[in-house]
Amino acid sequence: MTTQETVLHPAAIIEELKKNEFTHVVWLPDSETNFMYQLLTNEPSLDLVPVCREGETMAIAAGLWVGGKKPVVLIQNTGIFESGDSIRGLGLDVNQPLVMLVGYRGWSRHGITPDSAARFIEHILHAWGISYYLIETDDDAGRITSALEEAERTSKPVAVLVGTEFGA
Amino acid sequence: MIGNTDAVRLLDSKREDSVLVATMNANNVGFGLPSITTKEPLDFPISGAMGKASSVGLGLALAQPNRKIMVLDGDGSLLMNLGTLVTLSNKAPKNMYHFLFDNGVYAVTGGQPVPGAGKVDWEDMAKGAGYAAVFSFDNLEDLTTGIDQVLATQGPVFIHLAITPEVENTPVAFRPRASRSVQTAFRELPVALSSD
């Protein structure tokens, strides 16, 4: 039996989302963000928009943004692969300043990375010219603000890779 | 069957301050929304992200709850994003009107039949997904008579339209381009929504 040290709490993420006045979390749950669910559903300032497939998230976010809201996308890195055409057509091509929180499934921190979802994600983001930040502890949560500032400054999607599973 | 232009013209005539989110044949330069629109600043053409018009429409409906959002979708497009039926009905925006232009073919690629053409029961699919109301029309006269009731019904409403296929065989490079691009709409629509 192994234990995993909890270093990133969902409350830290949600506080950062509230501080930046995000209005909607468009998401599909994954193992990295599983523990956020209860807190998110109890947070009245954030409207959860659950989807059936990750490619919907950027399109829904696009509609929210055009309509005057400030959405954030929350999906797993595998969902980024699935969402290619949405990111291209409704993110990059239309200059959507979108923050995408992305569960970094398979991130091992020590160079031995058997999970291809982890091996490919940074290459894919580089290929699209999408900047990204990494958060692994509560102290890193401020990088969501940095990502938002960059997204708004450049009018482009920016990713925040969540490199650890949330603790309760 | 209903002519594509006839359907779009009728919906445009009933739009008032609605946003029309249109894709594929409903957004065709020659016989879709760009050819007949009376309120271009509130037109939201969607292309370049396959099957996502209804998803964009959902976001817009949630952001603008006091304004009707009319999505003019295609059957091939919706087949690429079927989960949207459930995503949309789950959030249940009361201001959402999801029109399906069902012509049975991929009209912009030469008229190949879509999977399940003539077999899929779109009304049952929308009902099963949980839409608040579902309508279906296969001729212009009934649509003309029934459209006011459709738009008076609380959403999300799904409206199946049996549309006559209009197939394009002109090479893409030689097709006329819309004066209002997707990029233009994304840039200008927020201004129109805030000032309308």
# chains A, B, ... in the order shown; residues from 1 in each chain; ligands from 1
>>> residues_around(residues="Asn90 of chain B", least_positions_apart="2", cutoff="9 Å", atoms="only C-alpha atoms", output="list in words")
Val49 and Pro50 of chain A; Leu85, Val86, Thr87, Leu88, Ala92, Pro93, Ala129, Gly130 and Tyr131 of chain B
>>> write_last_selection(atoms="all heavy atoms", output="mmCIF file, in the first residue's frame")
data_model
loop_
_atom_site.group_PDB
_atom_site.id
_atom_site.type_symbol
_atom_site.label_atom_id
_atom_site.label_comp_id
_atom_site.auth_asym_id
_atom_site.auth_seq_id
_atom_site.Cartn_x
_atom_site.Cartn_y
_atom_site.Cartn_z
ATOM 1 N N VAL A 49 -20.668 23.770 -15.820
ATOM 2 C CA VAL A 49 -21.266 23.309 -17.078
ATOM 3 C C VAL A 49 -20.617 21.974 -17.441
ATOM 4 O O VAL A 49 -19.560 21.936 -18.072
ATOM 5 C CB VAL A 49 -21.062 24.324 -18.218
ATOM 6 C CG1 VAL A 49 -21.802 23.862 -19.479
ATOM 7 C CG2 VAL A 49 -21.514 25.721 -17.800
ATOM 8 N N PRO A 50 -21.206 20.863 -17.010
ATOM 9 C CA PRO A 50 -20.625 19.562 -17.352
ATOM 10 C C PRO A 50 -20.897 19.196 -18.802
ATOM 11 O O PRO A 50 -21.968 19.504 -19.337
ATOM 12 C CB PRO A 50 -21.346 18.600 -16.399
ATOM 13 C CG PRO A 50 -22.583 19.301 -15.963
ATOM 14 C CD PRO A 50 -22.400 20.768 -16.172
ATOM 15 N N LEU B 85 -26.619 17.109 -27.288
ATOM 16 C CA LEU B 85 -28.050 17.029 -26.952
ATOM 17 C C LEU B 85 -28.230 16.868 -25.448
ATOM 18 O O LEU B 85 -29.115 17.478 -24.833
ATOM 19 C CB LEU B 85 -28.700 15.861 -27.693
ATOM 20 C CG LEU B 85 -28.794 15.962 -29.216
ATOM 21 C CD1 LEU B 85 -29.343 14.657 -29.803
ATOM 22 C CD2 LEU B 85 -29.686 17.133 -29.633
ATOM 23 N N VAL B 86 -27.399 16.060 -24.844
ATOM 24 C CA VAL B 86 -27.498 15.811 -23.408
ATOM 25 C C VAL B 86 -26.875 16.966 -22.612
ATOM 26 O O VAL B 86 -27.433 17.417 -21.605
ATOM 27 C CB VAL B 86 -26.831 14.469 -23.057
ATOM 28 C CG1 VAL B 86 -26.834 14.246 -21.547
ATOM 29 C CG2 VAL B 86 -27.538 13.324 -23.764
ATOM 30 N N THR B 87 -25.716 17.428 -23.064
ATOM 31 C CA THR B 87 -25.090 18.572 -22.390
ATOM 32 C C THR B 87 -26.060 19.744 -22.338
ATOM 33 O O THR B 87 -26.227 20.398 -21.302
ATOM 34 C CB THR B 87 -23.813 18.993 -23.147
ATOM 35 O OG1 THR B 87 -22.889 17.902 -23.149
ATOM 36 C CG2 THR B 87 -23.157 20.192 -22.485
ATOM 37 N N LEU B 88 -26.697 19.994 -23.453
ATOM 38 C CA LEU B 88 -27.598 21.141 -23.565
ATOM 39 C C LEU B 88 -28.863 20.948 -22.716
ATOM 40 O O LEU B 88 -29.253 21.836 -21.949
ATOM 41 C CB LEU B 88 -27.955 21.330 -25.039
ATOM 42 C CG LEU B 88 -28.447 22.681 -25.503
ATOM 43 C CD1 LEU B 88 -28.128 22.864 -26.990
ATOM 44 C CD2 LEU B 88 -29.930 22.848 -25.279
ATOM 45 N N ALA B 92 -30.340 23.053 -19.649
ATOM 46 C CA ALA B 92 -31.728 23.452 -19.892
ATOM 47 C C ALA B 92 -31.963 24.963 -19.986
ATOM 48 O O ALA B 92 -32.806 25.508 -19.275
ATOM 49 C CB ALA B 92 -32.624 22.849 -18.802
ATOM 50 N N PRO B 93 -31.254 25.651 -20.857
ATOM 51 C CA PRO B 93 -31.519 27.091 -21.013
ATOM 52 C C PRO B 93 -32.911 27.319 -21.615
ATOM 53 O O PRO B 93 -33.235 26.774 -22.668
ATOM 54 C CB PRO B 93 -30.409 27.555 -21.959
ATOM 55 C CG PRO B 93 -29.967 26.333 -22.682
ATOM 56 C CD PRO B 93 -30.177 25.179 -21.757
ATOM 57 N N ALA B 129 -33.059 12.756 -24.977
ATOM 58 C CA ALA B 129 -31.979 13.515 -24.352
ATOM 59 C C ALA B 129 -32.504 14.464 -23.284
ATOM 60 O O ALA B 129 -31.730 14.929 -22.445
ATOM 61 C CB ALA B 129 -31.206 14.297 -25.415
ATOM 62 N N GLY B 130 -33.789 14.764 -23.341
ATOM 63 C CA GLY B 130 -34.360 15.582 -22.275
ATOM 64 C C GLY B 130 -34.742 17.006 -22.647
ATOM 65 O O GLY B 130 -34.935 17.845 -21.762
ATOM 66 N N TYR B 131 -34.845 17.313 -23.935
ATOM 67 C CA TYR B 131 -35.298 18.657 -24.323
ATOM 68 C C TYR B 131 -36.705 18.903 -23.757
ATOM 69 O O TYR B 131 -37.519 17.987 -23.652
ATOM 70 C CB TYR B 131 -35.329 18.801 -25.850
ATOM 71 C CG TYR B 131 -33.986 19.178 -26.444
ATOM 72 C CD1 TYR B 131 -32.901 18.304 -26.375
ATOM 73 C CD2 TYR B 131 -33.795 20.409 -27.065
ATOM 74 C CE1 TYR B 131 -31.673 18.644 -26.902
ATOM 75 C CE2 TYR B 131 -32.567 20.763 -27.604
ATOM 76 C CZ TYR B 131 -31.514 19.874 -27.520
ATOM 77 O OH TYR B 131 -30.290 20.222 -28.040
#
>>> interface_residues(of="chain B", to="chain A", cutoff="7 Å", atoms="only C-alpha atoms", output="NGL selection string")
:B and (48-49 or 52 or 55-60 or 62-64 or 83 or 87 or 183 or 186 or 189-190)
>>> residues_around(residues="Leu78 of chain B", least_positions_apart="3", cutoff="10 Å", atoms="only C-alpha atoms", output="list in words")
Met50, Gly51, Lys52, Ala53, Ser54, Asp73, Gly74, Asp75, Asn81, Leu82, Gly83, Thr84, Leu85, Leu100, Phe101 and Asp102 of chain B
>>> residues_around(residues="segment 105-113 of chain B", least_positions_apart="6", cutoff="8 Å", atoms="only C-alpha atoms", output="list in words")
Met24, Asn25, Asp75, Gly76, Pro165, Glu166, Val167, Glu168 and Asn169 of chain B
>>> residues_around(residues="Asn95 of chain B", least_positions_apart="4", cutoff="8 Å", atoms="only C-alpha atoms", output="list in words")
Ala61, Pro65, Asn66, Arg67, Lys68, Ile69, Gln154, Gly155 and Pro156 of chain B
>>> closest_residue(among="B:Thr164, B:Asn139, B:Asn27, B:Ser18", to="Leu151 of chain B", atoms="only C-alpha atoms")
B:Ser18
>>> select_by_dssp(residues="segment 25-168 of chain A", states="helix (DSSP H, G or I)", output="JSON, numbers by chain")
{"A": [34, 35, 36, 37, 38, 39, 40, 41, 55, 56, 57, 58, 59, 60, 61, 62, 63, 64, 65, 66, 77, 78, 79, 80, 81, 82, 84, 85, 86, 87, 88, 89, 90, 91, 92, 116, 117, 118, 119, 120, 121, 122, 123, 124, 125, 126, 127, 128, 138, 139, 140, 143, 144, 145, 146, 147, 148, 149, 150, 151, 152, 153, 154]}
>>> closest_residue(among="A:Pro157, A:Phe22, A:Thr164, A:Glu122", to="Arg109 of chain A", atoms="only C-alpha atoms")
A:Thr164
>>> select_by_dssp(residues="chain B", states="strand (DSSP E)", output="MDAnalysis selection string")
chainID B and resid 19:22 43:45 69:74 96:102 105:106 112:113 133:137 157:162
>>> residues_around(residues="Val73 of chain A", least_positions_apart="6", cutoff="7 Å", atoms="only C-alpha atoms", output="JSON list (two decimals) with all heavy atoms, in the first residue's frame")
[["chain", "number", "residue", "atom", "x", "y", "z"],
["A", 25, "VAL", "N", -17.37, 27.21, -14.93],
["A", 25, "VAL", "CA", -16.37, 26.15, -15.08],
["A", 25, "VAL", "C", -16.96, 25.10, -16.02],
["A", 25, "VAL", "O", -17.93, 24.41, -15.68],
["A", 25, "VAL", "CB", -16.01, 25.50, -13.73],
["A", 25, "VAL", "CG1", -14.96, 24.41, -13.93],
["A", 25, "VAL", "CG2", -15.50, 26.55, -12.74],
["A", 26, "VAL", "N", -16.41, 25.04, -17.22],
["A", 26, "VAL", "CA", -16.90, 24.09, -18.24],
["A", 26, "VAL", "C", -15.99, 22.88, -18.17],
["A", 26, "VAL", "O", -14.79, 22.98, -18.45],
["A", 26, "VAL", "CB", -16.86, 24.73, -19.64],
["A", 26, "VAL", "CG1", -17.62, 23.85, -20.63],
["A", 26, "VAL", "CG2", -17.43, 26.14, -19.63],
["A", 27, "TRP", "N", -16.55, 21.73, -17.79],
["A", 27, "TRP", "CA", -15.62, 20.65, -17.43],
["A", 27, "TRP", "C", -16.15, 19.25, -17.67],
["A", 27, "TRP", "O", -17.36, 19.02, -17.83],
["A", 27, "TRP", "CB", -15.22, 20.81, -15.97],
["A", 27, "TRP", "CG", -16.14, 20.19, -14.92],
["A", 27, "TRP", "CD1", -17.50, 20.06, -14.99],
["A", 27, "TRP", "CD2", -15.72, 19.63, -13.69],
["A", 27, "TRP", "NE1", -17.95, 19.47, -13.84],
["A", 27, "TRP", "CE2", -16.89, 19.19, -13.03],
["A", 27, "TRP", "CE3", -14.50, 19.46, -13.07],
["A", 27, "TRP", "CZ2", -16.85, 18.58, -11.77],
["A", 27, "TRP", "CZ3", -14.46, 18.86, -11.83],
["A", 27, "TRP", "CH2", -15.62, 18.43, -11.18],
["A", 57, "THR", "N", -16.08, 21.81, -24.70],
["A", 57, "THR", "CA", -15.80, 22.83, -23.68],
["A", 57, "THR", "C", -15.35, 24.16, -24.29],
["A", 57, "THR", "O", -15.80, 25.22, -23.86],
["A", 57, "THR", "CB", -14.73, 22.34, -22.68],
["A", 57, "THR", "OG1", -13.52, 22.04, -23.38],
["A", 57, "THR", "CG2", -15.20, 21.13, -21.91],
["A", 99, "VAL", "N", -8.57, 30.38, -20.43],
["A", 99, "VAL", "CA", -7.70, 29.59, -19.54],
["A", 99, "VAL", "C", -8.25, 28.17, -19.49],
["A", 99, "VAL", "O", -9.43, 27.95, -19.23],
["A", 99, "VAL", "CB", -7.66, 30.20, -18.13],
["A", 99, "VAL", "CG1", -6.89, 29.28, -17.18],
["A", 99, "VAL", "CG2", -7.01, 31.58, -18.16],
["A", 100, "MET", "N", -7.36, 27.21, -19.75],
["A", 100, "MET", "CA", -7.73, 25.80, -19.72],
["A", 100, "MET", "C", -6.94, 25.11, -18.62],
["A", 100, "MET", "O", -5.70, 25.01, -18.71],
["A", 100, "MET", "CB", -7.42, 25.14, -21.07],
["A", 100, "MET", "CG", -8.09, 25.80, -22.27],
["A", 100, "MET", "SD", -7.77, 24.95, -23.85],
["A", 100, "MET", "CE", -6.01, 25.26, -24.06],
["A", 101, "LEU", "N", -7.64, 24.69, -17.57],
["A", 101, "LEU", "CA", -6.99, 23.89, -16.52],
["A", 101, "LEU", "C", -6.99, 22.45, -17.00],
["A", 101, "LEU", "O", -8.04, 21.89, -17.31],
["A", 101, "LEU", "CB", -7.77, 24.01, -15.21],
["A", 101, "LEU", "CG", -7.85, 25.39, -14.56],
["A", 101, "LEU", "CD1", -8.69, 25.31, -13.28],
["A", 101, "LEU", "CD2", -6.47, 25.93, -14.24]]
>>> atom_distance(atom1="atom CA of Gly30 of chain B", atom2="atom CA of Phe44 of chain B")
16.6 Å
>>> residues_around(residues="segment 7-10 of chain A", least_positions_apart="3", cutoff="10 Å", atoms="only C-alpha atoms", output="PDB file with N, CA, C and O atoms, in the first residue's frame")
ATOM      1  N   GLN A   4      -0.085   8.931  -0.929  1.00  0.00           N
ATOM      2  CA  GLN A   4       0.354  10.075  -1.707  1.00  0.00           C
ATOM      3  C   GLN A   4       0.193  11.330  -0.878  1.00  0.00           C
ATOM      4  O   GLN A   4      -0.876  11.620  -0.366  1.00  0.00           O
ATOM      5  N   ILE A  13      -7.407  26.307  -5.528  1.00  0.00           N
ATOM      6  CA  ILE A  13      -7.768  26.562  -6.928  1.00  0.00           C
ATOM      7  C   ILE A  13      -9.036  27.397  -7.001  1.00  0.00           C
ATOM      8  O   ILE A  13      -9.121  28.384  -7.760  1.00  0.00           O
ATOM      9  N   ILE A  14     -10.009  27.013  -6.219  1.00  0.00           N
ATOM     10  CA  ILE A  14     -11.302  27.708  -6.285  1.00  0.00           C
ATOM     11  C   ILE A  14     -11.154  29.153  -5.809  1.00  0.00           C
ATOM     12  O   ILE A  14     -11.765  30.073  -6.385  1.00  0.00           O
ATOM     13  N   GLU A  15     -10.342  29.375  -4.797  1.00  0.00           N
ATOM     14  CA  GLU A  15     -10.097  30.756  -4.349  1.00  0.00           C
ATOM     15  C   GLU A  15      -9.481  31.586  -5.475  1.00  0.00           C
ATOM     16  O   GLU A  15      -9.824  32.761  -5.651  1.00  0.00           O
ATOM     17  N   GLU A  16      -8.604  30.968  -6.225  1.00  0.00           N
ATOM     18  CA  GLU A  16      -7.964  31.679  -7.339  1.00  0.00           C
ATOM     19  C   GLU A  16      -8.984  31.978  -8.449  1.00  0.00           C
ATOM     20  O   GLU A  16      -8.954  33.059  -9.044  1.00  0.00           O
ATOM     21  N   THR A  33      -8.792  16.060 -10.970  1.00  0.00           N
ATOM     22  CA  THR A  33      -9.636  17.133 -10.432  1.00  0.00           C
ATOM     23  C   THR A  33     -10.867  16.596  -9.717  1.00  0.00           C
ATOM     24  O   THR A  33     -11.767  17.355  -9.372  1.00  0.00           O
ATOM     25  N   ASN A  34     -10.886  15.317  -9.492  1.00  0.00           N
ATOM     26  CA  ASN A  34     -12.039  14.661  -8.874  1.00  0.00           C
ATOM     27  C   ASN A  34     -12.474  15.330  -7.576  1.00  0.00           C
ATOM     28  O   ASN A  34     -13.665  15.545  -7.339  1.00  0.00           O
ATOM     29  N   PHE A  35     -11.507  15.681  -6.746  1.00  0.00           N
ATOM     30  CA  PHE A  35     -11.845  16.186  -5.426  1.00  0.00           C
ATOM     31  C   PHE A  35     -12.347  17.626  -5.442  1.00  0.00           C
ATOM     32  O   PHE A  35     -12.765  18.161  -4.416  1.00  0.00           O
ATOM     33  N   MET A  36     -12.318  18.258  -6.604  1.00  0.00           N
ATOM     34  CA  MET A  36     -12.858  19.608  -6.689  1.00  0.00           C
ATOM     35  C   MET A  36     -14.378  19.611  -6.773  1.00  0.00           C
ATOM     36  O   MET A  36     -15.019  20.626  -6.522  1.00  0.00           O
ATOM     37  N   TYR A  37     -14.955  18.488  -7.142  1.00  0.00           N
ATOM     38  CA  TYR A  37     -16.357  18.485  -7.532  1.00  0.00           C
ATOM     39  C   TYR A  37     -17.275  19.030  -6.443  1.00  0.00           C
ATOM     40  O   TYR A  37     -18.096  19.917  -6.696  1.00  0.00           O
ATOM     41  N   GLN A  38     -17.109  18.507  -5.231  1.00  0.00           N
ATOM     42  CA  GLN A  38     -18.029  18.922  -4.173  1.00  0.00           C
ATOM     43  C   GLN A  38     -17.878  20.407  -3.859  1.00  0.00           C
ATOM     44  O   GLN A  38     -18.866  21.115  -3.679  1.00  0.00           O
ATOM     45  N   LEU A  39     -16.642  20.866  -3.817  1.00  0.00           N
ATOM     46  CA  LEU A  39     -16.432  22.294  -3.546  1.00  0.00           C
ATOM     47  C   LEU A  39     -17.008  23.157  -4.664  1.00  0.00           C
ATOM     48  O   LEU A  39     -17.611  24.199  -4.414  1.00  0.00           O
ATOM     49  N   LEU A  40     -16.814  22.710  -5.884  1.00  0.00           N
ATOM     50  CA  LEU A  40     -17.336  23.487  -7.012  1.00  0.00           C
ATOM     51  C   LEU A  40     -18.851  23.573  -6.981  1.00  0.00           C
ATOM     52  O   LEU A  40     -19.435  24.634  -7.236  1.00  0.00           O
ATOM     53  N   ILE A 135       1.085  23.705 -12.130  1.00  0.00           N
ATOM     54  CA  ILE A 135       0.827  23.865 -10.702  1.00  0.00           C
ATOM     55  C   ILE A 135       0.808  22.491 -10.042  1.00  0.00           C
ATOM     56  O   ILE A 135       0.226  21.544 -10.556  1.00  0.00           O
ATOM     57  N   GLU A 136       1.487  22.423  -8.894  1.00  0.00           N
ATOM     58  CA  GLU A 136       1.567  21.157  -8.166  1.00  0.00           C
ATOM     59  C   GLU A 136       1.272  21.327  -6.675  1.00  0.00           C
ATOM     60  O   GLU A 136       1.027  20.344  -5.986  1.00  0.00           O
ATOM     61  N   THR A 137       1.348  22.550  -6.195  1.00  0.00           N
ATOM     62  CA  THR A 137       1.087  22.792  -4.776  1.00  0.00           C
ATOM     63  C   THR A 137       0.194  24.013  -4.630  1.00  0.00           C
ATOM     64  O   THR A 137      -0.010  24.766  -5.592  1.00  0.00           O
ATOM     65  N   ASP A 138      -0.300  24.218  -3.421  1.00  0.00           N
ATOM     66  CA  ASP A 138      -1.126  25.407  -3.173  1.00  0.00           C
ATOM     67  C   ASP A 138      -0.374  26.688  -3.517  1.00  0.00           C
ATOM     68  O   ASP A 138      -0.970  27.662  -3.985  1.00  0.00           O
ATOM     69  N   ASP A 139       0.921  26.667  -3.280  1.00  0.00           N
ATOM     70  CA  ASP A 139       1.722  27.862  -3.553  1.00  0.00           C
ATOM     71  C   ASP A 139       1.759  28.214  -5.046  1.00  0.00           C
ATOM     72  O   ASP A 139       2.088  29.339  -5.413  1.00  0.00           O
ATOM     73  N   ASP A 140       1.443  27.239  -5.888  1.00  0.00           N
ATOM     74  CA  ASP A 140       1.478  27.477  -7.339  1.00  0.00           C
ATOM     75  C   ASP A 140       0.169  28.052  -7.878  1.00  0.00           C
ATOM     76  O   ASP A 140       0.095  28.419  -9.059  1.00  0.00           O
ATOM     77  N   ALA A 141      -0.856  28.102  -7.057  1.00  0.00           N
ATOM     78  CA  ALA A 141      -2.193  28.442  -7.567  1.00  0.00           C
ATOM     79  C   ALA A 141      -2.222  29.813  -8.240  1.00  0.00           C
ATOM     80  O   ALA A 141      -3.010  30.041  -9.169  1.00  0.00           O
ATOM     81  N   VAL A 162      -2.250  20.760 -14.329  1.00  0.00           N
ATOM     82  CA  VAL A 162      -2.388  20.405 -12.920  1.00  0.00           C
ATOM     83  C   VAL A 162      -1.610  19.113 -12.712  1.00  0.00           C
ATOM     84  O   VAL A 162      -2.057  18.030 -13.086  1.00  0.00           O
ATOM     85  N   GLY A 163      -0.440  19.232 -12.082  1.00  0.00           N
ATOM     86  CA  GLY A 163       0.503  18.136 -12.070  1.00  0.00           C
ATOM     87  C   GLY A 163       0.396  17.200 -10.899  1.00  0.00           C
ATOM     88  O   GLY A 163       1.305  16.404 -10.648  1.00  0.00           O
ATOM     89  N   THR A 164      -0.680  17.286 -10.159  1.00  0.00           N
ATOM     90  CA  THR A 164      -0.860  16.358  -9.049  1.00  0.00           C
ATOM     91  C   THR A 164      -2.339  16.167  -8.812  1.00  0.00           C
ATOM     92  O   THR A 164      -3.159  17.019  -9.167  1.00  0.00           O
ATOM     93  N   GLU A 165      -2.701  15.050  -8.226  1.00  0.00           N
ATOM     94  CA  GLU A 165      -4.109  14.847  -7.904  1.00  0.00           C
ATOM     95  C   GLU A 165      -4.456  15.682  -6.688  1.00  0.00           C
ATOM     96  O   GLU A 165      -3.682  15.784  -5.743  1.00  0.00           O
ATOM     97  N   PHE A 166      -5.644  16.272  -6.743  1.00  0.00           N
ATOM     98  CA  PHE A 166      -6.072  17.092  -5.622  1.00  0.00           C
ATOM     99  C   PHE A 166      -6.281  16.238  -4.383  1.00  0.00           C
ATOM    100  O   PHE A 166      -6.760  15.116  -4.450  1.00  0.00           O
ATOM    101  N   GLY A 167      -5.956  16.830  -3.232  1.00  0.00           N
ATOM    102  CA  GLY A 167      -6.277  16.186  -1.970  1.00  0.00           C
ATOM    103  C   GLY A 167      -7.518  16.798  -1.368  1.00  0.00           C
ATOM    104  O   GLY A 167      -7.906  17.904  -1.729  1.00  0.00           O
ATOM    105  N   ALA A 168      -8.132  16.090  -0.455  1.00  0.00           N
ATOM    106  CA  ALA A 168      -9.346  16.589   0.165  1.00  0.00           C
ATOM    107  C   ALA A 168      -9.009  17.691   1.159  1.00  0.00           C
ATOM    108  O   ALA A 168      -7.896  17.782   1.644  1.00  0.00           O
TER     109      ALA A 168
END
>>> atom_distance(atom1="atom CA of Asp17 of chain B", atom2="atom CA of His98 of chain B")
16.2 Å
>>> decode(residues="segment 75-120 of chain B", atoms="C-alpha atoms", output="mmCIF file, in the first residue's frame")
data_model
loop_
_atom_site.group_PDB
_atom_site.id
_atom_site.type_symbol
_atom_site.label_atom_id
_atom_site.label_comp_id
_atom_site.auth_asym_id
_atom_site.auth_seq_id
_atom_site.Cartn_x
_atom_site.Cartn_y
_atom_site.Cartn_z
ATOM 1 C CA ASP B 75 -27.696 16.849 -39.434
ATOM 2 C CA GLY B 76 -24.121 15.961 -40.403
ATOM 3 C CA SER B 77 -22.897 18.551 -37.924
ATOM 4 C CA LEU B 78 -25.042 17.296 -35.079
ATOM 5 C CA LEU B 79 -23.939 13.728 -35.761
ATOM 6 C CA MET B 80 -20.368 14.884 -35.074
ATOM 7 C CA ASN B 81 -21.347 16.207 -31.654
ATOM 8 C CA LEU B 82 -24.294 14.113 -30.481
ATOM 9 C CA GLY B 83 -23.378 14.498 -26.828
ATOM 10 C CA THR B 84 -24.399 18.129 -27.148
ATOM 11 C CA LEU B 85 -28.050 17.029 -26.952
ATOM 12 C CA VAL B 86 -27.498 15.811 -23.408
ATOM 13 C CA THR B 87 -25.090 18.572 -22.390
ATOM 14 C CA LEU B 88 -27.598 21.141 -23.565
ATOM 15 C CA SER B 89 -30.702 19.578 -22.048
ATOM 16 C CA ASN B 90 -28.839 19.108 -18.759
ATOM 17 C CA LYS B 91 -28.253 22.866 -18.440
ATOM 18 C CA ALA B 92 -31.728 23.452 -19.892
ATOM 19 C CA PRO B 93 -31.519 27.091 -21.013
ATOM 20 C CA LYS B 94 -35.080 28.348 -21.357
ATOM 21 C CA ASN B 95 -34.035 30.687 -24.175
ATOM 22 C CA MET B 96 -32.552 28.027 -26.475
ATOM 23 C CA TYR B 97 -34.185 27.007 -29.785
ATOM 24 C CA HIS B 98 -32.230 24.292 -31.566
ATOM 25 C CA PHE B 99 -33.312 23.950 -35.217
ATOM 26 C CA LEU B 100 -32.007 20.915 -37.089
ATOM 27 C CA PHE B 101 -31.746 21.356 -40.858
ATOM 28 C CA ASP B 102 -32.013 17.689 -41.792
ATOM 29 C CA ASN B 103 -31.215 17.235 -45.489
ATOM 30 C CA GLY B 104 -29.738 13.746 -45.131
ATOM 31 C CA VAL B 105 -26.471 14.584 -46.877
ATOM 32 C CA TYR B 106 -23.094 16.239 -46.506
ATOM 33 C CA ALA B 107 -24.152 18.957 -48.916
ATOM 34 C CA VAL B 108 -20.917 20.940 -48.926
ATOM 35 C CA THR B 109 -18.771 17.949 -49.829
ATOM 36 C CA GLY B 110 -20.787 16.724 -52.780
ATOM 37 C CA GLY B 111 -23.950 15.237 -51.329
ATOM 38 C CA GLN B 112 -22.782 11.985 -49.786
ATOM 39 C CA PRO B 113 -25.452 10.587 -47.425
ATOM 40 C CA VAL B 114 -24.844 11.079 -43.711
ATOM 41 C CA PRO B 115 -24.791 7.914 -41.593
ATOM 42 C CA GLY B 116 -28.316 6.904 -40.696
ATOM 43 C CA ALA B 117 -29.979 9.168 -43.248
ATOM 44 C CA GLY B 118 -33.655 8.287 -43.312
ATOM 45 C CA LYS B 119 -33.295 5.941 -40.336
ATOM 46 C CA VAL B 120 -32.452 8.214 -37.419
#
